[in-house]
Structures are given as C-alpha cells and as structure tokens.
>>> print(open('my_file11.txt').read())   # compact mmCIF, C-alpha atoms and all ligand atoms
# COMPACT_ATOMS: atom_id res chain seq x y z
CA MET Y 11 0.00 0.00 0.00
CA ASP Y 12 1.30 3.45 -0.92
CA VAL Y 13 1.53 5.89 1.94
CA ASP Y 14 1.91 9.58 1.33
CA VAL Y 15 5.05 10.28 3.34
CA ARG Y 16 4.50 14.02 3.15
CA LEU Y 17 1.40 13.63 5.30
CA THR Y 18 3.03 11.36 7.85
CA GLU Y 19 6.03 13.66 8.11
CA MET Y 20 4.01 16.80 8.59
CA THR Y 21 5.09 18.42 11.82
CA PRO Y 22 2.74 20.13 14.25
CA ASP Y 23 4.46 23.39 13.30
CA ASP Y 24 2.57 23.35 10.01
CA VAL Y 25 -0.78 23.21 11.73
CA ARG Y 26 -2.53 25.90 13.66
CA GLN Y 27 -3.15 24.45 17.11
CA ILE Y 28 -6.33 25.31 18.98
CA ASP Y 29 -5.75 26.45 22.53
CA THR Y 30 -8.82 25.36 24.48
CA GLY Y 31 -7.68 27.35 27.51
CA ALA Y 32 -8.24 26.64 31.17
CA ASP Y 33 -11.48 26.90 33.11
CA PHE Y 34 -12.24 30.23 34.72
CA ASP Y 35 -11.49 30.02 38.44
CA ARG Y 36 -14.52 32.04 39.50
CA TYR Y 37 -17.83 33.52 38.36
CA ALA Y 38 -17.95 37.06 37.07
CA ARG Y 39 -18.31 40.12 39.24
CA GLY Y 40 -21.43 41.99 38.19
CA TRP Y 41 -25.18 42.26 37.99
CA HIS Y 42 -26.95 39.20 36.62
CA CYS Y 43 -30.61 39.06 35.67
CA LEU Y 44 -32.54 36.11 37.12
CA GLY Y 45 -35.81 36.77 35.29
CA LEU Y 46 -38.89 38.97 35.45
CA ALA Y 47 -39.38 40.26 38.99
CA ASP Y 48 -43.08 39.41 39.00
CA SER Y 49 -42.35 35.75 38.35
CA PHE Y 50 -40.81 35.53 41.85
CA ARG Y 51 -43.64 37.24 43.72
CA GLY Y 52 -46.38 35.47 45.62
CA GLY Y 53 -46.08 33.21 48.61
CA ARG Y 54 -43.80 30.58 47.15
CA PRO Y 55 -39.98 30.36 47.21
CA HIS Y 56 -38.12 29.54 43.99
CA SER Y 57 -34.80 27.67 43.83
CA VAL Y 58 -32.43 28.51 41.02
CA ASP Y 59 -29.13 26.82 40.21
CA ALA Y 60 -26.61 29.58 39.57
CA PHE Y 61 -22.96 30.47 40.21
CA GLY Y 62 -22.06 26.85 40.97
CA THR Y 63 -24.55 26.66 43.84
CA ARG Y 64 -28.29 26.96 44.46
CA ILE Y 65 -30.01 30.15 45.51
CA VAL Y 66 -33.56 30.75 46.67
CA ILE Y 67 -35.70 33.72 45.66
CA PHE Y 68 -38.84 34.81 47.48
CA GLU Y 69 -40.99 37.79 48.34
CA ASP Y 70 -40.75 38.64 52.03
CA GLY Y 71 -43.44 40.02 54.32
CA ALA Y 72 -42.66 43.60 53.29
CA GLY Y 73 -43.11 42.87 49.59
CA ALA Y 74 -39.39 42.92 48.78
CA ILE Y 75 -37.86 40.17 46.68
CA ARG Y 76 -35.00 38.49 48.57
CA VAL Y 77 -32.28 36.09 47.54
CA LEU Y 78 -30.47 33.75 49.94
CA ASP Y 79 -28.30 30.68 49.54
CA ALA Y 80 -30.79 27.86 49.08
CA TYR Y 81 -28.97 25.24 51.14
CA CYS Y 82 -30.06 25.54 54.74
CA ARG Y 83 -27.17 26.04 57.14
CA HIS Y 84 -28.72 23.59 59.62
CA MET Y 85 -28.62 20.29 57.71
CA GLY Y 86 -28.44 21.37 54.09
CA ALA Y 87 -32.04 21.13 52.88
CA ASP Y 88 -33.23 23.15 49.88
CA LEU Y 89 -35.09 26.20 51.19
CA GLY Y 90 -36.85 26.42 47.83
CA MET Y 91 -38.98 23.50 49.07
CA GLY Y 92 -39.93 25.49 52.16
CA SER Y 93 -42.65 28.02 52.79
CA LEU Y 94 -43.18 31.59 53.99
CA ARG Y 95 -44.01 32.02 57.70
CA ASP Y 96 -44.59 35.52 59.03
CA GLY Y 97 -42.52 36.89 56.18
CA PHE Y 98 -39.58 34.57 56.94
CA LEU Y 99 -38.55 31.60 54.85
CA ALA Y 100 -39.12 28.37 56.78
CA CYS Y 101 -37.03 25.33 55.92
CA PRO Y 102 -39.01 22.21 54.95
CA PHE Y 103 -36.74 19.89 56.99
CA HIS Y 104 -36.82 21.18 60.61
CA GLY Y 105 -38.62 24.50 60.32
CA TRP Y 106 -35.75 26.92 60.88
CA GLN Y 107 -36.82 30.37 59.75
CA TRP Y 108 -34.57 32.67 57.75
CA ASP Y 109 -34.81 36.43 57.38
CA GLY Y 110 -34.40 37.49 53.75
CA ALA Y 111 -33.38 41.04 54.66
CA THR Y 112 -30.38 40.07 56.79
CA GLY Y 113 -29.71 36.39 56.15
CA ARG Y 114 -30.05 35.74 59.89
CA CYS Y 115 -31.85 32.82 61.41
CA ALA Y 116 -34.97 34.43 62.88
CA ASP Y 117 -36.28 31.44 64.78
CA VAL Y 118 -35.81 27.75 65.51
CA PRO Y 119 -39.33 26.97 66.73
CA TYR Y 120 -38.51 23.70 68.56
CA ALA Y 121 -35.34 25.01 70.27
CA LYS Y 122 -35.01 27.03 73.48
CA ARG Y 123 -32.30 29.12 71.86
CA ARG Y 124 -31.18 29.57 68.30
CA PRO Y 125 -27.46 29.60 67.45
CA LYS Y 126 -26.41 33.21 67.94
CA LEU Y 127 -24.28 33.45 64.84
CA ALA Y 128 -26.60 31.52 62.59
CA ARG Y 129 -26.54 33.46 59.38
CA THR Y 130 -26.62 32.44 55.74
CA ARG Y 131 -25.49 34.27 52.64
CA ARG Y 132 -27.80 37.05 51.53
CA TRP Y 133 -27.47 38.28 47.94
CA THR Y 134 -27.80 41.94 46.99
CA THR Y 135 -30.65 42.48 44.54
CA SER Y 136 -32.12 45.23 42.45
CA GLU Y 137 -35.18 45.58 40.26
CA VAL Y 138 -34.63 47.34 36.95
CA ASN Y 139 -37.01 47.42 34.00
CA GLY Y 140 -39.32 44.95 35.73
CA GLN Y 141 -36.46 42.44 36.02
CA LEU Y 142 -34.77 40.96 39.07
CA LEU Y 143 -31.01 41.44 39.14
CA VAL Y 144 -28.61 39.87 41.60
CA TRP Y 145 -25.10 41.07 42.38
CA HIS Y 146 -22.32 38.48 42.32
CA ASP Y 147 -18.87 39.28 43.67
CA VAL Y 148 -16.36 36.81 45.10
CA GLU Y 149 -14.78 39.68 47.03
CA ASN Y 150 -18.13 40.28 48.72
CA GLN Y 151 -18.13 44.02 48.23
CA ALA Y 152 -21.07 46.28 47.53
CA PRO Y 153 -21.71 47.16 43.89
CA ASP Y 154 -20.51 50.45 42.48
CA PRO Y 155 -23.78 52.37 41.87
CA ALA Y 156 -22.61 53.25 38.34
CA TRP Y 157 -22.68 49.56 37.42
CA LEU Y 158 -26.43 49.18 37.76
CA PRO Y 159 -27.95 48.84 34.26
CA PRO Y 160 -30.01 51.86 33.21
CA THR Y 161 -33.77 52.14 33.28
CA ILE Y 162 -35.22 52.01 29.78
CA GLU Y 163 -36.70 55.42 29.16
CA GLY Y 164 -40.45 55.34 29.64
CA PHE Y 165 -40.53 51.72 30.83
CA ASP Y 166 -41.61 52.50 34.38
CA GLU Y 167 -44.16 54.99 33.01
CA GLY Y 168 -45.86 52.27 30.97
CA ARG Y 169 -44.79 53.47 27.53
CA TRP Y 170 -43.62 50.00 26.50
CA SER Y 171 -45.42 46.70 26.11
CA THR Y 172 -44.94 43.97 28.69
CA TRP Y 173 -41.87 41.78 28.19
CA ALA Y 174 -42.13 38.75 25.98
CA TRP Y 175 -39.59 36.73 27.95
CA ARG Y 176 -37.84 33.46 27.16
CA SER Y 177 -34.94 31.50 28.53
CA GLU Y 178 -32.84 28.50 27.62
CA LEU Y 179 -30.33 26.40 29.56
CA ILE Y 180 -27.14 26.04 27.52
CA GLU Y 181 -25.00 23.09 28.56
CA GLY Y 182 -21.43 22.40 27.48
CA SER Y 183 -20.45 26.06 26.96
CA HIS Y 184 -19.03 28.88 29.04
CA CYS Y 185 -21.07 32.08 28.88
CA ARG Y 186 -18.15 33.91 27.25
CA GLU Y 187 -19.48 32.43 23.99
CA ILE Y 188 -22.51 34.75 23.98
CA VAL Y 189 -20.41 37.76 24.91
CA ASP Y 190 -18.05 37.05 21.97
CA ASN Y 191 -21.07 37.55 19.69
CA ASN Y 192 -20.99 41.25 20.49
CA VAL Y 193 -17.95 41.82 18.26
CA ASP Y 194 -18.65 39.11 15.69
CA MET Y 195 -19.76 40.94 12.55
CA ALA Y 196 -19.57 38.05 10.07
CA HIS Y 197 -21.73 35.57 11.99
CA PHE Y 198 -24.72 37.86 11.49
CA PHE Y 199 -24.66 36.99 7.78
CA TYR Y 200 -23.86 33.28 8.04
CA ILE Y 201 -25.80 32.32 11.16
CA HIS Y 202 -28.52 34.91 11.48
CA HIS Y 203 -29.08 35.59 7.76
CA ALA Y 204 -28.76 39.32 8.26
CA TYR Y 205 -26.77 41.67 6.06
CA PRO Y 206 -24.63 44.10 8.09
CA THR Y 207 -24.01 47.36 6.24
CA TYR Y 208 -22.29 49.05 9.18
CA PHE Y 209 -20.62 47.52 12.23
CA ALA Y 210 -18.69 49.12 15.07
CA ASN Y 211 -17.78 48.42 18.68
CA VAL Y 212 -17.01 50.71 21.59
CA ILE Y 213 -15.49 49.29 24.75
CA ASP Y 214 -15.40 51.62 27.73
CA GLY Y 215 -15.04 50.92 31.45
CA HIS Y 216 -17.50 48.20 32.41
CA THR Y 217 -19.49 48.57 29.15
CA ALA Y 218 -19.05 47.06 25.70
CA SER Y 219 -21.26 48.28 22.86
CA GLN Y 220 -22.10 47.20 19.36
CA LEU Y 221 -23.55 49.46 16.69
CA MET Y 222 -24.91 47.75 13.63
CA HIS Y 223 -27.06 48.58 10.63
CA SER Y 224 -28.41 45.64 8.74
CA LYS Y 225 -30.65 45.01 5.75
CA SER Y 226 -33.10 42.22 5.23
CA ARG Y 227 -32.00 39.50 2.80
CA GLU Y 228 -34.22 38.87 -0.19
CA ASP Y 229 -32.78 35.37 -0.74
CA ILE Y 230 -33.91 34.34 2.76
CA PHE Y 231 -36.91 36.51 3.59
CA GLY Y 232 -38.10 37.58 0.12
CA ASP Y 233 -41.30 35.52 0.40
CA SER Y 234 -42.21 36.81 3.84
CA LYS Y 235 -45.08 39.29 4.04
CA TYR Y 236 -42.81 41.41 6.27
CA TYR Y 237 -40.04 41.66 3.68
CA HIS Y 238 -39.38 45.10 2.26
CA PRO Y 239 -36.25 45.90 0.21
CA ASP Y 240 -35.83 49.29 1.91
CA SER Y 241 -36.23 48.10 5.48
CA LEU Y 242 -33.24 48.82 7.68
CA LEU Y 243 -32.51 47.77 11.23
CA ARG Y 244 -30.46 50.22 13.27
CA SER Y 245 -29.23 48.46 16.36
CA GLU Y 246 -27.41 49.83 19.41
CA ALA Y 247 -26.50 47.24 22.01
CA THR Y 248 -24.56 47.66 25.23
CA TYR Y 249 -23.36 45.18 27.81
CA PHE Y 250 -23.56 46.76 31.23
CA GLY Y 251 -21.05 44.51 32.95
CA PRO Y 252 -20.41 40.89 32.01
CA ALA Y 253 -23.91 39.50 31.68
CA TYR Y 254 -26.60 42.08 30.99
CA MET Y 255 -27.19 43.72 27.64
CA ILE Y 256 -29.81 46.19 26.48
CA ASN Y 257 -30.29 46.30 22.73
CA TRP Y 258 -32.19 49.26 21.29
CA LEU Y 259 -33.56 48.30 17.88
CA HIS Y 260 -34.93 50.95 15.55
CA ASN Y 261 -36.81 49.15 12.78
CA ASP Y 262 -37.33 51.38 9.76
CA ILE Y 263 -40.05 49.43 8.04
CA GLY Y 264 -39.86 50.91 4.58
CA SER Y 265 -43.16 52.77 4.58
CA GLY Y 266 -41.70 55.71 6.47
CA GLY Y 267 -42.45 54.35 9.93
CA THR Y 268 -40.13 53.14 12.65
CA VAL Y 269 -40.98 50.48 15.21
CA GLU Y 270 -39.00 50.92 18.42
CA VAL Y 271 -38.08 47.62 20.03
CA VAL Y 272 -35.94 46.94 23.05
CA LEU Y 273 -34.31 43.59 23.65
CA THR Y 274 -32.81 42.44 26.94
CA ASN Y 275 -30.12 39.83 26.40
CA ALA Y 276 -29.04 38.54 29.78
CA HIS Y 277 -27.53 35.40 31.22
CA TYR Y 278 -26.32 33.90 34.45
CA PRO Y 279 -23.83 31.07 34.84
CA VAL Y 280 -25.02 27.76 36.28
CA THR Y 281 -21.62 26.06 36.32
CA GLN Y 282 -18.32 26.88 34.62
CA ASN Y 283 -19.66 24.97 31.64
CA SER Y 284 -23.32 25.93 31.46
CA PHE Y 285 -25.48 29.01 31.67
CA VAL Y 286 -29.05 30.21 31.35
CA LEU Y 287 -29.61 32.57 28.45
CA GLN Y 288 -32.63 34.88 28.66
CA TRP Y 289 -34.07 37.24 26.12
CA GLY Y 290 -36.95 39.61 26.54
CA VAL Y 291 -38.58 41.86 23.99
CA ALA Y 292 -40.70 44.96 24.56
CA VAL Y 293 -42.17 47.24 21.91
CA GLN Y 294 -42.76 50.94 22.39
CA LYS Y 295 -46.46 51.64 22.41
CA MET Y 296 -47.88 53.16 19.26
CA PRO Y 297 -50.97 55.34 18.85
CA GLY Y 298 -54.08 53.41 17.94
CA LEU Y 299 -52.82 50.03 19.13
CA SER Y 300 -54.17 48.43 22.30
CA ASP Y 301 -51.98 46.98 25.05
CA ALA Y 302 -53.00 43.50 23.95
CA GLN Y 303 -51.93 44.26 20.37
CA MET Y 304 -48.61 45.64 21.62
CA SER Y 305 -47.98 42.50 23.67
CA ARG Y 306 -48.75 40.36 20.63
CA MET Y 307 -46.31 42.40 18.58
CA ALA Y 308 -43.63 41.89 21.26
CA GLU Y 309 -44.36 38.14 21.13
CA ALA Y 310 -43.91 38.16 17.36
CA PHE Y 311 -40.56 39.95 17.63
CA SER Y 312 -39.56 37.58 20.42
CA ALA Y 313 -40.34 34.57 18.24
CA LYS Y 314 -38.10 36.06 15.56
CA PHE Y 315 -35.25 36.75 18.00
CA SER Y 316 -35.68 33.26 19.43
CA GLU Y 317 -34.78 31.82 16.06
CA GLY Y 318 -31.64 33.96 16.11
CA PHE Y 319 -30.58 32.98 19.63
CA LEU Y 320 -31.23 29.32 18.94
CA GLU Y 321 -29.07 29.51 15.82
CA ASP Y 322 -26.20 30.62 18.06
CA VAL Y 323 -27.03 27.93 20.61
CA GLU Y 324 -26.79 25.24 17.96
CA VAL Y 325 -23.25 26.41 17.12
CA TRP Y 326 -22.18 26.53 20.78
CA ARG Y 327 -23.50 23.03 21.39
CA HIS Y 328 -21.04 21.66 18.84
CA LYS Y 329 -18.06 24.00 18.97
CA THR Y 330 -14.96 23.89 21.13
CA ARG Y 331 -13.77 26.61 23.40
CA ILE Y 332 -10.94 28.46 21.65
CA ASP Y 333 -8.62 30.90 23.40
CA ASN Y 334 -6.56 31.72 20.30
CA PRO Y 335 -9.06 32.39 17.51
CA LEU Y 336 -7.51 32.92 14.09
CA LEU Y 337 -8.85 36.25 12.87
CA THR Y 338 -9.05 38.48 9.80
CA GLU Y 339 -9.39 42.24 9.62
CA GLU Y 340 -13.16 41.92 9.32
CA ASP Y 341 -13.55 39.83 12.48
CA GLY Y 342 -13.82 42.58 15.03
CA PRO Y 343 -11.95 43.09 18.28
CA VAL Y 344 -12.39 39.63 19.81
CA TYR Y 345 -9.12 39.84 21.75
CA GLN Y 346 -9.76 43.38 22.98
CA GLN Y 347 -13.24 42.48 24.17
CA ARG Y 348 -11.97 39.35 25.91
CA ARG Y 349 -9.41 41.52 27.68
CA TRP Y 350 -12.32 43.77 28.75
CA TYR Y 351 -14.23 40.66 29.87
CA GLU Y 352 -11.32 39.57 32.09
CA GLN Y 353 -11.86 42.52 34.45
CA PHE Y 354 -14.91 40.71 35.83
CA TYR Y 355 -12.86 37.61 36.64
CA VAL Y 356 -10.08 39.17 38.70
CA ASP Y 357 -10.03 40.99 42.03
CA ARG Y 358 -10.63 44.73 41.82
CA ALA Y 359 -6.99 45.34 42.71
CA ALA Y 360 -5.90 43.31 39.67
CA VAL Y 361 -7.96 45.23 37.11
CA THR Y 362 -5.55 46.96 34.71
CA PRO Y 363 -6.19 49.95 32.41
CA ASP Y 364 -5.98 47.79 29.28
CA MET Y 365 -9.14 46.03 30.50
CA THR Y 366 -11.15 49.21 30.95
CA ASP Y 367 -9.65 51.85 28.64
CA ARG Y 368 -11.92 53.19 25.92
CA TYR Y 369 -11.45 51.39 22.63
CA GLU Y 370 -13.33 52.07 19.39
CA CYS Y 371 -13.33 50.01 16.23
CA GLU Y 372 -15.33 50.14 13.00
CA ILE Y 373 -15.22 47.21 10.60
CA ASP Y 374 -14.79 48.00 6.92
CA VAL Y 375 -17.57 45.91 5.35
CA THR Y 376 -16.90 46.98 1.74
CA HIS Y 377 -15.26 43.74 0.66
CA ALA Y 378 -17.77 41.57 2.50
CA ARG Y 379 -20.68 43.38 0.82
CA GLY Y 380 -19.31 42.65 -2.65
CA GLU Y 381 -19.13 38.94 -1.82
CA TRP Y 382 -22.50 38.89 -0.11
CA ASP Y 383 -24.26 40.66 -2.98
CA GLU Y 384 -22.91 38.00 -5.30
CA GLU Y 385 -23.97 35.18 -2.98
CA ILE Y 386 -27.48 36.61 -2.67
CA ARG Y 387 -27.68 37.01 -6.46
CA ARG Y 388 -26.71 33.36 -6.95
CA ASN Y 389 -29.22 32.25 -4.33
CA MET Y 390 -31.96 34.23 -6.09
CA VAL Y 391 -31.13 32.61 -9.44
CA GLU Y 392 -31.33 29.19 -7.78
CA ARG Y 393 -34.65 30.07 -6.15
CA GLN Y 394 -36.08 31.12 -9.50
CA ARG Y 395 -34.83 27.91 -11.10
CA LEU Y 396 -36.45 25.81 -8.40
CA ALA Y 397 -39.66 27.82 -8.63
CA SER Y 398 -39.73 27.27 -12.40
CA ILE Y 399 -39.76 23.51 -11.89
CA GLY Y 400 -42.33 23.75 -9.13
CA VAL Y 401 -40.07 23.35 -6.07
CA HIS Y 402 -40.59 25.85 -3.25
S1 LIG B 501 -32.03 21.51 57.22
FE1 LIG B 501 -33.12 23.35 57.33
S2 LIG B 501 -34.02 23.30 59.27
FE2 LIG B 501 -32.86 21.50 59.18
FE FE B 502 -25.47 35.64 17.43
>>> encode(input="my_file11.txt", output="structure tokens")
Amino acid sequence: MDVDVRLTEMTPDDVRQIDTGADFDRYARGWHCLGLADSFRGGRPHSVDAFGTRIVIFEDGAGAIRVLDAYCRHMGADLGMGSLRDGFLACPFHGWQWDGATGRCADVPYAKRRPKLARTRRWTTSEVNGQLLVWHDVENQAPDPAWLPPTIEGFDEGRWSTWAWRSELIEGSHCREIVDNNVDMAHFFYIHHAYPTYFANVIDGHTASQLMHSKSREDIFGDSKYYHPDSLLRSEATYFGPAYMINWLHNDIGSGGTVEVVLTNAHYPVTQNSFVLQWGVAVQKMPGLSDAQMSRMAEAFSAKFSEGFLEDVEVWRHKTRIDNPLLTEEDGPVYQQRRWYEQFYVDRAAVTPDMTDRYECEIDVTHARGEWDEEIRRNMVERQRLASIGVH
C-alpha cells in the first residue's frame, strides 16, 4: 500500500493548534438578571441553580424580593422546598426560619435558643425594568452604583409593552461564547441571515457596545409578508457589565415608519460549563394600538429573535472553546473584548487599564458586501430555477 510520506512527516508546526484554555477560576463580578421580577412574587420560594450553587428567591413580608443561599445552614435542605411564615422563609426539613433582609436565622421553633451566629449568605438584589437582578462578587463588596444597568426610558411609566420573555439552559459552553457575539460581525450573515451594512464596537469601562445597521436578505426573507427591500434595522446594544445587555432596535419598516423595540439579552452562569440565556422583547407603544396588540407584537418579535438565539445555541452546542481564535481584519476586536471581559474575573486590585480603557473600532464591510451581494444574487437565481420547476 502506498503511503503519502508528506502527510506522515508533517510536523505540528505546520498546523494551527487550537488552545482550548483553562477553566475560569470564578464567576464574574457583576449584575446578573434572574428573570422577570413578578415571576418571583407570591407566597412561594423559587430555587435557582446559579454560580455553581443553588439560591432561593422569594418575596418577604414587606413585599421585597429576597435572595439567599438555598442550602439551609442547619442540615443542608433546599429552602426552595420550604414556605413563607410571618414573612420569613421556613425550611421544609426542621422548620428553621430565615430572614431574607439580613440572612439571619430568625427562629428555631422547637429550640429554646437559636445559634447566635446563625446566618446564611444574603445576595444583593435590584429591580430594573421589571427584572430581578442579583449582584455576584467573590470579594463580597457592595456594587458600584454606576454599574447598575439603566432604566429604559419610559418603561416605568408604561410606555412599552410587557416583556415577551424566554430563557434557555445552555450546557457544554461557558457564557463567554454569547459575549463574543458582540464583536462578531460576520456571523450575522452566516448564522442569522442578516446583512450588516455598518458595524462598530465601543469598549469603555464596564461597558461594551455594538452598533450595527443591517438590511433584510431577499434570498432568505423575500417571500415573507414582512419583507421590504428598503427596510433597515439600526441596532445599538450595550453590555452593562459581564452578563446584561440592552439592545435598542430601531426598525425602519420601509413605509416611512419606525418600530421601536428593546431587547434584553441577559444570562447567568449555572456552572463553569453551562449558563441560562434569557431574552426579553418589549415594543414601544404606538398610537391606535391596544396593550394586547402591543404584547402580541412583542411576542412576534420575540419569536423572531428566538430563532436567532437558537441559531447561536446550535453552534455553541457543537463548537470547542478556543482561546486563540484565528482572525481576519473583518472579524472585530475579539481579543480586545476578551481583555475587557477579564476585568470581571479578577479581584478589583488586579484590574488593569488595558481592560477598561476606551477602545473604538469600526469594521470595513466593503469587501464583504461585494461577496454577499454576489452570494445573494446566486441564491436568487437558484430560487427562480427551483420555482420554475415547481419546487418551493
Ligand atoms: S435543614 Fe433546614 S431546618 Fe434543618
Ligand atoms: Fe449571534
């Protein structure tokens, strides 16, 4: 049998090696959204697996939403299986009662005295835009007030629809994968079937933004009743910290109108290799449309974004982690953004200016557009050919 000696003699030097990196040694410092605040109200505690442990979320007697470690400090039961007693969270196993405001054990009903220092971990929370956020910090320090994500203008005044909210557990991937998306211009064409005509990133302090204009693709959406050749999506998206993004989407719909949509893209880690991705869509109310119609419109947008998120998920489920991606000029500042992302994984004292300094970058899409126009033209010819023989 002939063997091609050139192949067998090929040295590893000829081959680009993938560096799959090492696991992160902690979870990120920052605000993480756990879901819509209202979903945690009512008299029932909710356990959530997050940050490598389990936490419990409940509404206390004063109407505040509280978060504690779920595992009871007495014998380790899950407080999420417990119940509310006099505003305290009572453990299902032996009835110890925990105070959500302080983390202290408020009562051990069967004991003459409760352990004086009995206290569990209490998590700092905030409610923004109708969502429950929890602060995670291995150094256990209070959040810098400037890090709290902003209120969406008019949201608290009722000028937006309710959130159409969805979530998905992603297993086998670190949440850095979704953050990488922020600078990944080209995947919008290949994965999401969009057509970026403008793409820029601005990294600054604890924020990382993406500005994108994109057109609708006739070869993909040409048959849709929503397709319009002049429609343009102007998107401004900002990560406020490691895990919470607001995406303002101005949809110019071709007939002179603009539909204002806001998308929350948030996640929290479950383990170092899994996370829960959440996306919520709200639409700015428009004259002449009822609240129910607005909510339906938000649902329709959400269904569309769901397709997009799930396209990413499908890639993550099969890809490897890669710490040394091989990039072209059009790929965007993956390394710079990862450097920015590192600030959330080190102690405050170890944060360096290259992680937080302002950095701006615009991708030149001229070459890509020439290629994409040609690809779309070819796809259209193929579609017409198939249509002419009756295949749709
Ligand atoms: S384990 Fe919670 S009261 Fe015993
Ligand atoms: Fe994506």
>>> closest_atom_pairs(input="my_file11.txt", of="chain Y", to="ligand FE 502 (chain B)", cutoff="12 Å", atoms="all atoms listed in the file", output="tab-separated table")
residue	atom	partner	partner_atom	distance
Y:Glu187	CA	B:FE502	FE	9.4
Y:Ile188	CA	B:FE502	FE	7.2
Y:Val189	CA	B:FE502	FE	9.3
Y:Asp190	CA	B:FE502	FE	8.8
Y:Asn191	CA	B:FE502	FE	5.3
Y:Asn192	CA	B:FE502	FE	7.8
Y:Val193	CA	B:FE502	FE	9.8
Y:Asp194	CA	B:FE502	FE	7.8
Y:Met195	CA	B:FE502	FE	9.2
Y:Ala196	CA	B:FE502	FE	9.7
Y:His197	CA	B:FE502	FE	6.6
Y:Phe198	CA	B:FE502	FE	6.4
Y:Phe199	CA	B:FE502	FE	9.8
Y:Tyr200	CA	B:FE502	FE	9.8
Y:Ile201	CA	B:FE502	FE	7.1
Y:His202	CA	B:FE502	FE	6.7
Y:His203	CA	B:FE502	FE	10.3
Y:Ala204	CA	B:FE502	FE	10.4
Y:Asn275	CA	B:FE502	FE	10.9
Y:Phe315	CA	B:FE502	FE	9.9
Y:Ser316	CA	B:FE502	FE	10.7
Y:Glu317	CA	B:FE502	FE	10.2
Y:Gly318	CA	B:FE502	FE	6.5
Y:Phe319	CA	B:FE502	FE	6.2
Y:Leu320	CA	B:FE502	FE	8.7
Y:Glu321	CA	B:FE502	FE	7.3
Y:Asp322	CA	B:FE502	FE	5.1
Y:Val323	CA	B:FE502	FE	8.5
Y:Glu324	CA	B:FE502	FE	10.5
Y:Val325	CA	B:FE502	FE	9.5
Y:Trp326	CA	B:FE502	FE	10.2
>>> atom_distance(input="my_file11.txt", atom1="CA of Asp117 in chain Y", atom2="CA of Arg54 in chain Y")
19.2 Å
>>> residues_near_ligand(input="my_file11.txt", ligand="ligand LIG 501 (chain B)", cutoff="9 Å", atoms="only C-alpha atoms and all ligand atoms", output="number ranges by chain")
Y: 81-89, 92, 100-107, 118
>>> closest_atom_pairs(input="my_file11.txt", of="range 101-181 of chain Y", to="range 285-296 of chain Y", cutoff="9 Å", atoms="only C-alpha atoms", output="Markdown table")
| residue | atom | partner | partner_atom | distance |
| --- | --- | --- | --- | --- |
| Y:Gly164 | CA | Y:Gln294 | CA | 8.8 |
| Y:Phe165 | CA | Y:Gln294 | CA | 8.8 |
| Y:Gly168 | CA | Y:Lys295 | CA | 8.6 |
| Y:Arg169 | CA | Y:Lys295 | CA | 5.7 |
| Y:Trp170 | CA | Y:Gln294 | CA | 4.3 |
| Y:Ser171 | CA | Y:Ala292 | CA | 5.3 |
| Y:Thr172 | CA | Y:Ala292 | CA | 6.0 |
| Y:Trp173 | CA | Y:Ala292 | CA | 5.0 |
| Y:Ala174 | CA | Y:Val291 | CA | 5.1 |
| Y:Trp175 | CA | Y:Gly290 | CA | 4.2 |
| Y:Arg176 | CA | Y:Trp289 | CA | 5.4 |
| Y:Ser177 | CA | Y:Gln288 | CA | 4.1 |
| Y:Glu178 | CA | Y:Leu287 | CA | 5.3 |
| Y:Leu179 | CA | Y:Val286 | CA | 4.4 |
| Y:Ile180 | CA | Y:Phe285 | CA | 5.4 |
| Y:Glu181 | CA | Y:Phe285 | CA | 6.7 |
>>> closest_residue(input="my_file11.txt", among="Y:Thr366, Y:Thr217, Y:Ser183, Y:Thr130", to="His328 in chain Y", atoms="only C-alpha atoms")
Y:Ser183
>>> atom_distance(input="my_file11.txt", atom1="CA of Ala32 in chain Y", atom2="CA of Gln353 in chain Y")
16.6 Å
>>> atom_distance(input="my_file11.txt", atom1="CA of Ala359 in chain Y", atom2="CA of Cys185 in chain Y")
23.8 Å
>>> axis_aligned_box(input="my_file11.txt", around="range 184-190 of chain Y", padding_each_side="4 Å", output="JSON")
{"center_x": -20.3, "center_y": 33.3, "center_z": 25.5, "size_x": 12.5, "size_y": 16.9, "size_z": 15.1}
>>> residues_around(input="my_file11.txt", residues="Asn389 in chain Y", least_positions_apart="4", cutoff="8 Å", atoms="only C-alpha atoms", output="number ranges by chain")
Y: 229, 385, 393
>>> residues_around(input="my_file11.txt", residues="range 58-69 of chain Y", least_positions_apart="5", cutoff="10 Å", atoms="only C-alpha atoms", output="ChimeraX atom specification")
/Y:36-38,44,47-53,74-81,88-94,97-99,110,131-133,142,146,278-286
>>> closest_residue(input="my_file11.txt", among="Y:Val344, Y:Glu149, Y:Glu228, Y:Asp70", to="Val391 in chain Y", atoms="only C-alpha atoms")
Y:Glu228
>>> residues_around(input="my_file11.txt", residues="Asp333 in chain Y", least_positions_apart="3", cutoff="7 Å", atoms="only C-alpha atoms", output="PyMOL selection string")
chain Y and resi 29-31
>>> residues_around(input="my_file11.txt", residues="Pro159 in chain Y", least_positions_apart="3", cutoff="9 Å", atoms="only C-alpha atoms", output="PyMOL selection string")
chain Y and resi 41+138+156+249-251+254-256
>>> closest_residue(input="my_file11.txt", among="Y:Ala72, Y:Ala397, Y:Asp301, Y:Glu340", to="Arg379 in chain Y", atoms="all atoms listed in the file")
Y:Glu340
>>> closest_residue(input="my_file11.txt", among="Y:Ser226, Y:Ser245, Y:Gln141, Y:Ser265", to="Ile386 in chain Y", atoms="all atoms listed in the file")
Y:Ser226
